[in-house]
Structures are given as structure tokens and as C-alpha cells.
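Source file: query15.cif (mmCIF, C-alpha atoms)
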```cif
data_run
loop_
_atom_site.label_atom_id
_atom_site.label_comp_id
_atom_site.auth_asym_id
_atom_site.auth_seq_id
_atom_site.Cartn_x
_atom_site.Cartn_y
_atom_site.Cartn_z
CA MET A 313 -11.08 -5.40 -33.03
CA LEU A 314 -10.12 -6.21 -29.42
CA SER A 315 -11.97 -8.95 -27.54
CA VAL A 316 -13.79 -8.24 -24.27
CA GLN A 317 -10.92 -9.90 -22.36
CA ALA A 318 -8.32 -7.79 -24.17
CA LEU A 319 -10.26 -4.61 -23.47
CA GLN A 320 -10.45 -5.44 -19.75
CA VAL A 321 -6.71 -6.19 -19.65
CA LYS A 322 -6.10 -2.80 -21.28
CA LYS A 323 -8.26 -1.18 -18.58
CA GLY A 324 -6.19 -3.03 -15.99
CA ILE A 325 -2.99 -1.64 -17.52
CA ASN A 326 -4.40 1.90 -17.41
CA ILE A 327 -5.49 1.61 -13.78
CA GLU A 328 -2.07 0.28 -12.75
CA ILE A 329 -0.36 3.18 -14.55
CA VAL A 330 -2.56 5.63 -12.61
CA SER A 331 -1.77 3.74 -9.40
CA ILE A 332 1.99 3.87 -10.07
CA LEU A 333 1.91 7.62 -10.78
CA TRP A 334 -0.01 8.29 -7.57
CA MET A 335 2.32 6.06 -5.52
CA ILE A 336 5.33 8.03 -6.80
CA VAL A 337 3.71 11.30 -5.69
CA GLU A 338 2.54 9.81 -2.39
CA ALA A 339 5.93 8.32 -1.52
CA ALA A 340 7.89 11.47 -2.37
CA VAL A 341 5.57 13.87 -0.53
CA ALA A 342 4.99 11.63 2.51
CA ILE A 343 8.66 10.85 3.10
CA GLY A 344 9.73 14.44 2.46
CA ALA A 345 7.04 15.89 4.74
CA GLY A 346 7.63 13.15 7.32
CA ILE A 347 11.35 13.88 7.56
CA ALA A 348 10.73 17.63 7.72
CA ALA A 349 8.17 17.25 10.51
CA HIS A 350 10.03 14.41 12.26
CA SER A 351 6.87 12.34 11.87
CA LEU A 352 7.36 8.58 12.13
CA ALA A 353 3.80 7.84 11.00
CA LEU A 354 4.07 10.02 7.89
CA THR A 355 7.50 8.64 6.95
CA ALA A 356 6.26 5.07 7.40
CA PHE A 357 3.26 5.86 5.21
CA GLY A 358 5.65 7.02 2.49
CA ALA A 359 7.80 3.91 2.86
CA ASP A 360 4.72 1.73 2.45
CA SER A 361 3.91 3.68 -0.72
CA ILE A 362 7.25 2.59 -2.17
CA ILE A 363 6.38 -1.05 -1.45
CA GLU A 364 2.95 -0.55 -3.05
CA LEU A 365 4.74 0.97 -6.04
CA VAL A 366 6.82 -2.19 -6.47
CA ALA A 367 3.69 -4.36 -6.31
CA SER A 368 1.89 -2.21 -8.89
CA ALA A 369 4.92 -2.32 -11.19
CA ILE A 370 4.95 -6.14 -11.05
CA LEU A 371 1.23 -6.25 -11.82
CA LEU A 372 1.67 -3.81 -14.70
CA TRP A 373 4.34 -6.07 -16.21
CA ARG A 374 2.12 -9.12 -15.73
CA LEU A 375 -0.77 -7.41 -17.55
CA TYR A 376 1.51 -6.30 -20.39
CA VAL A 377 2.64 -9.91 -20.84
CA GLU A 378 -0.97 -11.09 -20.99
CA SER A 379 -1.90 -8.34 -23.43
CA SER A 380 0.94 -9.47 -25.73
CA GLY A 381 -0.46 -13.01 -25.78
CA ALA A 382 2.66 -14.56 -24.19
CA SER A 383 2.61 -17.48 -21.74
CA LEU A 384 1.82 -16.59 -18.14
CA ALA A 385 3.92 -19.41 -16.62
CA ARG A 386 7.01 -17.25 -16.13
CA VAL A 387 4.87 -14.36 -14.91
CA LYS A 388 3.33 -16.49 -12.15
CA GLN A 389 6.81 -17.42 -10.97
CA ALA A 390 7.82 -13.77 -11.00
CA GLU A 391 4.70 -12.85 -9.02
CA LYS A 392 5.63 -15.39 -6.34
CA ARG A 393 9.13 -13.97 -6.07
CA ALA A 394 7.74 -10.43 -5.95
CA SER A 395 5.32 -11.47 -3.20
CA TRP A 396 8.24 -12.75 -1.12
CA VAL A 397 10.14 -9.49 -1.59
CA VAL A 398 7.11 -7.33 -0.78
CA GLY A 399 6.14 -9.49 2.22
CA VAL A 400 9.61 -9.40 3.77
CA ALA A 401 9.88 -5.67 3.09
CA LEU A 402 6.57 -5.02 4.84
CA ILE A 403 7.59 -7.04 7.90
CA ALA A 404 10.88 -5.12 7.98
CA LEU A 405 8.90 -1.86 7.78
CA ALA A 406 6.77 -2.97 10.74
CA VAL A 407 9.92 -3.68 12.78
CA TYR A 408 11.26 -0.24 11.83
CA ILE A 409 8.02 1.43 12.99
CA VAL A 410 8.03 -0.40 16.34
CA VAL A 411 11.71 0.33 17.06
CA SER A 412 11.38 3.99 16.02
CA ALA A 413 8.19 4.45 18.06
CA ALA A 414 9.84 2.87 21.09
CA TYR A 415 12.81 5.23 20.68
CA ASP A 416 10.51 8.26 20.38
CA LEU A 417 8.60 7.24 23.50
CA TRP A 418 11.82 6.56 25.43
CA THR A 419 13.41 9.89 24.45
CA ARG A 420 10.12 11.80 24.53
CA SER A 421 10.68 12.96 20.93
CA GLY A 422 7.66 14.64 19.40
CA SER A 423 6.82 15.71 15.86
CA GLU A 424 5.66 18.91 14.26
CA SER A 425 2.27 19.13 12.59
CA SER A 426 2.35 18.79 8.80
CA MET A 427 -0.42 20.38 6.76
CA LEU A 428 1.15 19.00 3.57
CA GLY A 429 1.13 15.51 5.05
CA LEU A 430 -2.47 15.92 6.18
CA ALA A 431 -3.56 17.05 2.71
CA LEU A 432 -1.75 14.08 1.14
CA ALA A 433 -3.39 11.62 3.51
CA ILE A 434 -6.87 13.02 2.78
CA ALA A 435 -6.23 12.79 -0.99
CA SER A 436 -4.99 9.22 -0.61
CA GLY A 437 -7.98 8.29 1.54
CA ILE A 438 -10.25 9.40 -1.32
CA ILE A 439 -8.25 8.10 -4.30
CA MET A 440 -7.18 4.65 -3.03
CA PRO A 441 -10.72 3.23 -2.47
CA TYR A 442 -11.53 4.13 -6.10
CA LEU A 443 -8.38 2.39 -7.36
CA SER A 444 -9.13 -0.61 -5.13
CA ARG A 445 -12.65 -1.05 -6.53
CA ALA A 446 -11.40 -0.71 -10.11
CA LYS A 447 -8.62 -3.28 -9.62
CA LYS A 448 -10.92 -5.80 -7.96
CA ARG A 449 -13.61 -5.39 -10.60
CA ILE A 450 -11.19 -5.74 -13.51
CA GLY A 451 -9.35 -8.58 -11.76
CA THR A 452 -12.63 -10.49 -11.43
CA GLU A 453 -13.54 -9.87 -15.08
CA ILE A 454 -10.20 -11.09 -16.45
CA GLY A 455 -9.75 -13.85 -13.87
CA SER A 456 -6.63 -12.33 -12.31
CA LYS A 457 -6.26 -13.20 -8.62
CA ALA A 458 -3.09 -11.10 -8.50
CA LEU A 459 -4.92 -7.98 -9.64
CA ARG A 460 -7.69 -8.56 -7.10
CA ALA A 461 -5.03 -8.94 -4.39
CA ASP A 462 -3.43 -5.70 -5.53
CA GLY A 463 -6.85 -4.10 -5.09
CA SER A 464 -6.83 -5.29 -1.50
CA CYS A 465 -3.39 -3.70 -1.04
CA SER A 466 -4.88 -0.41 -2.26
CA ILE A 467 -7.69 -0.50 0.30
CA VAL A 468 -5.13 -1.20 3.05
CA CYS A 469 -3.35 1.96 1.89
CA ALA A 470 -6.65 3.82 2.32
CA TYR A 471 -7.04 2.44 5.87
CA MET A 472 -3.51 3.61 6.64
CA ALA A 473 -4.28 7.05 5.21
CA TRP A 474 -7.29 7.58 7.46
CA THR A 475 -5.37 6.31 10.49
CA LEU A 476 -2.64 8.79 9.61
CA ILE A 477 -5.20 11.60 9.26
CA VAL A 478 -6.42 11.04 12.82
CA GLY A 479 -2.86 11.06 14.16
CA LEU A 480 -1.83 14.20 12.27
CA MET A 481 -5.00 16.10 13.21
CA LEU A 482 -4.63 15.27 16.89
CA THR A 483 -0.97 16.26 16.82
CA ALA A 484 -1.86 19.60 15.21
CA LEU A 485 -4.82 20.30 17.53
CA VAL A 486 -3.51 19.01 20.85
CA GLY A 487 0.24 18.90 20.39
CA TRP A 488 0.87 15.88 22.61
CA TRP A 489 4.41 14.65 21.91
CA TRP A 490 3.53 10.95 22.12
CA LEU A 491 0.80 11.02 19.43
CA ASN A 492 3.33 10.60 16.62
CA ALA A 493 4.61 7.33 18.09
CA LEU A 494 1.10 6.00 18.73
CA ALA A 495 -0.04 6.91 15.21
CA GLY A 496 2.96 5.03 13.85
CA LEU A 497 2.18 1.98 15.98
CA ALA A 498 -1.45 2.09 14.80
CA LEU A 499 -0.16 1.43 11.27
CA VAL A 500 1.71 -1.72 12.31
CA TYR A 501 -1.44 -3.87 12.20
CA PHE A 502 -2.09 -2.98 8.56
CA VAL A 503 1.56 -3.37 7.54
CA VAL A 504 2.03 -6.77 9.23
CA LYS A 505 -1.31 -8.06 7.90
CA GLU A 506 -0.38 -7.11 4.36
CA GLY A 507 3.12 -8.55 4.75
CA ILE A 508 1.86 -11.91 6.04
CA GLU A 509 -0.67 -12.13 3.20
CA ALA A 510 2.06 -11.44 0.62
CA ILE A 511 4.27 -14.18 2.07
CA GLN A 512 1.36 -16.63 2.21
CA GLU A 513 0.53 -15.84 -1.40
CA ALA A 514 4.14 -16.57 -2.36
CA ARG A 515 3.82 -19.93 -0.58
CA GLY A 516 0.64 -20.69 -2.50
CA VAL A 517 -1.78 -20.33 0.41
CA GLU A 518 -5.28 -19.65 -0.94
CA ASP A 519 -7.69 -16.90 0.13
CA THR A 520 -5.34 -15.24 2.59
CA CYS A 521 -6.91 -11.78 2.29
CA GLY A 522 -10.09 -11.16 4.18
CA CYS A 523 -10.70 -8.06 2.06
CA CYS A 524 -11.13 -10.22 -1.03
CA HIS A 525 -14.36 -11.79 0.21
#
```
For this file, write the structure as C-alpha cells.
Amino acid sequence: MLSVQALQVKKGINIEIVSILWMIVEAAVAIGAGIAAHSLALTAFGADSIIELVASAILLWRLYVESSGASLARVKQAEKRASWVVGVALIALAVYIVVSAAYDLWTRSGSESSMLGLALAIASGIIMPYLSRAKKRIGTEIGSKALRADGSCSIVCAYMAWTLIVGLMLTALVGWWWLNALAGLALVYFVVKEGIEAIQEARGVEDTCGCCH
């Protein structure tokens, strides 16, 4: 019979599998709809989903190792390396958003409204807070700081979704060409914040995420 710890780890594995499946759908739909509608904000949202997918995959592997009873020493090292990769990727994404937004504003390039993108953002805004709460709760119960941090990443994704919803709705209702660029820039804060926290975690800086408190 499984111990309480083992049962919680199993729950953690299940929640990460659900998270990975949703991130695959989110990334594919957001990037596809973003390219079709020439929407920087929607495409950036999809790119962030890919980065979240990598983080969830690392956490899933870490939980599988724990569930097998193996040593966590090598997993901690892998988590640090993954944090570096994710952090640098997020900063690069932020640079991409800023440069693309500046180009759109300079050339006065607008975007088309995307009902598919709007529906995806609403679904993500509902699903991600649930996943975040589950990851933080399980992370606390099994003593996994990494899983709690992943829960914080999920809530950042929810913040980005609702920011995206506002931008897409205003673009559809008002049609101002510059809203796409501004919506994209509004995501930069979340992306940079998450990227800095990932890099600090890789460097061993404690309590870098304000959402964890």
C-alpha cells in the first residue's frame, strides 16, 4: 500500500501530465491563430506556452524519479540547468516581443481579431488557476519547492491569458491598429519577471517568487 507521500507524488505526476497536455493544445492553437491573425500578443502567448511545457516536462521527470525511490541529487542539478534554459528563453521572448511591437508601431501594422484566440485565452484563464492551486498544494505536501514554483508559473500564465483577453476584445470591438502591439508589450512584465525568477532559482537565490508567499 502506498504511503501518504507516495500518493501525493502520484497526484503531482497526474497534475503535471494534465498541465503538459493543456500546454501542447495552448501552444499549437495560440501560435497558429496568432500567425493567421498577425497577432503579436497571441503568438507570444503561444511561445510562452512552449516554455511552460518544457518546465512541466522537467518537473514531471523529477516527480517520476522521486516516485521510483531514486536519489534526487542528480535531479536537483538538472532542475538548475533547466531553470537557466527557461530563464534565458523567457528573456529572449521578452526581447522578441519588444522588437516586434516596436516594428508594428513603426510600420503601423495591425492585427485581425481572432475568436479562436479569444476562446483559448478564456479557457486558459479558467484552467491555469486550478492547475496552479493544485501544484502549490501538492508541492507543499511533498516538500517540493520546484513544484510550488511551477505552480507560480501557471498563475503567471493565467495573468497573461487575461491580459491577452483584454487586448483581443478591444481589437475586435474597436479595431485600433496599435492595440496588438500594446497588448504584446503588456505581457513583457510577466515574461521578464518569470525569466528573472528562473535564473535566480538556478543561481540558488531563495524566495524569488512573490506569488509563493
Practice task
Might you pull out every residue within 7 Å of Ala413 of chain A, with only C-alpha atoms counted and same-chain residues fewer than 2 positions away left off, and present them as a list of chain:residue names?
Solution key: A:Ile409, A:Val410, A:Val411, A:Tyr415, A:Asp416, A:Leu417, A:Ala493, A:Gly496, A:Leu497
Generate a file of the selected residues that holds C-alpha atoms, formatted as a short mmCIF file (atom, residue, chain, number, x, y, z; two decimals), in the frame of the given file.
```
data_model
loop_
_atom_site.label_atom_id
_atom_site.label_comp_id
_atom_site.auth_asym_id
_atom_site.auth_seq_id
_atom_site.Cartn_x
_atom_site.Cartn_y
_atom_site.Cartn_z
CA ILE A 409 8.02 1.43 12.99
CA VAL A 410 8.03 -0.40 16.34
CA VAL A 411 11.71 0.33 17.06
CA TYR A 415 12.81 5.23 20.68
CA ASP A 416 10.51 8.26 20.38
CA LEU A 417 8.60 7.24 23.50
CA ALA A 493 4.61 7.33 18.09
CA GLY A 496 2.96 5.03 13.85
CA LEU A 497 2.18 1.98 15.98
#
```
Practice task
Could you check how far atom CA of Ala339 of chain A sits from atom CA of Ala514 of chain A, in Å to one decimal?
Solution key: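 According to the coordinates, atom CA of Ala339 of chain A and atom CA of Ala514 of chain A are separated by 25.0 Å.
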Exercise for the section: Mind checking which residues fall within 8 Å of Gln317 of chain A, counting all atoms listed in the file, ignoring those fewer than 4 positions away in the same chain, and posting them as a PyMOL selection string? Expected result: chain A and resi 321+453-454
Practice task
Would you mind reading off the distance between atom CA of Ser379 of chain A and atom CA of Ala401 of chain A, one decimal, in Å?
Solution key: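 Computed distance, atom CA of Ser379 of chain A to atom CA of Ala401 of chain A, equals 29.1 Å.
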Problem - Long-range neighbours of segment 469-483 of chain A as a PyMOL selection string, 10 Å cut-off, only C-alpha atoms, 4 positions minimum in chain - result: chain A and resi 351+353-354+356-357+360-361+364+422-427+429-444+463-465+487-496+498-503+506
Problem - Chain and number of each residue from the PyMOL selection byres ((chain A and resi 378) around 12), as a list in words - result: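 Listing what the PyMOL selection byres ((chain A and resi 378) around 12) selects in the shown file: Gln317, Ala318, Leu319, Gln320, Val321, Lys322, Gly324, Ile325, Leu371, Leu372, Trp373, Arg374, Leu375, Tyr376, Val377, Ser379, Ser380, Gly381, Ala382, Ser383, Leu384, Ala385, Arg386, Val387, Lys388, Ile454, Gly455 and Ser456 of chain A.
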Expected axis-aligned box over every listed atom of segment 334-342 of chain A, 5 Å added per side, centre plus edges in Å to one decimal, as lines of an AutoDock Vina configuration file:
```
center_x = 3.9
center_y = 10.0
center_z = -2.5
size_x = 17.9
size_y = 17.8
size_z = 20.1
```
Practice task
Pick out the closest residue to Leu428 of chain A from this set: A:Ser368, A:Ala345, A:Ile327, A:Ile336. Count all atoms listed in the file.
Solution key: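 Under the stated criterion, the closest residue is A:Ala345.
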Exercise for the section: Could you check how far atom CA of Gln389 of chain A sits from atom CA of Gly451 of chain A, in Å to one decimal? Expected result: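 Rounded to one decimal, the two atoms are 18.4 Å apart.
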Completion exercise
Nearest to Ser466 of chain A, restricted to only C-alpha atoms and choosing among A:Ala394, A:Leu485, A:Ala446, A:Ala406, comes out as A:Ala446
Problem - Residue with smallest distance to Val398 of chain A - pool A:Ala484, A:Ala369, A:Ile347, A:Met335, counting only C-alpha atoms - result: A:Ala369
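The residue that comes closest to Leu352 of chain A, out of A:Ser395, A:Ala414, A:Arg460, A:Ile370 and on the basis of all atoms listed in the file, is A:Ala414.
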Exercise for the section: Could you check which of A:Leu405, A:Trp418, A:Ile362, A:Lys323 is closest to Val337 of chain A, using all atoms listed in the file? Expected result: A:Ile362
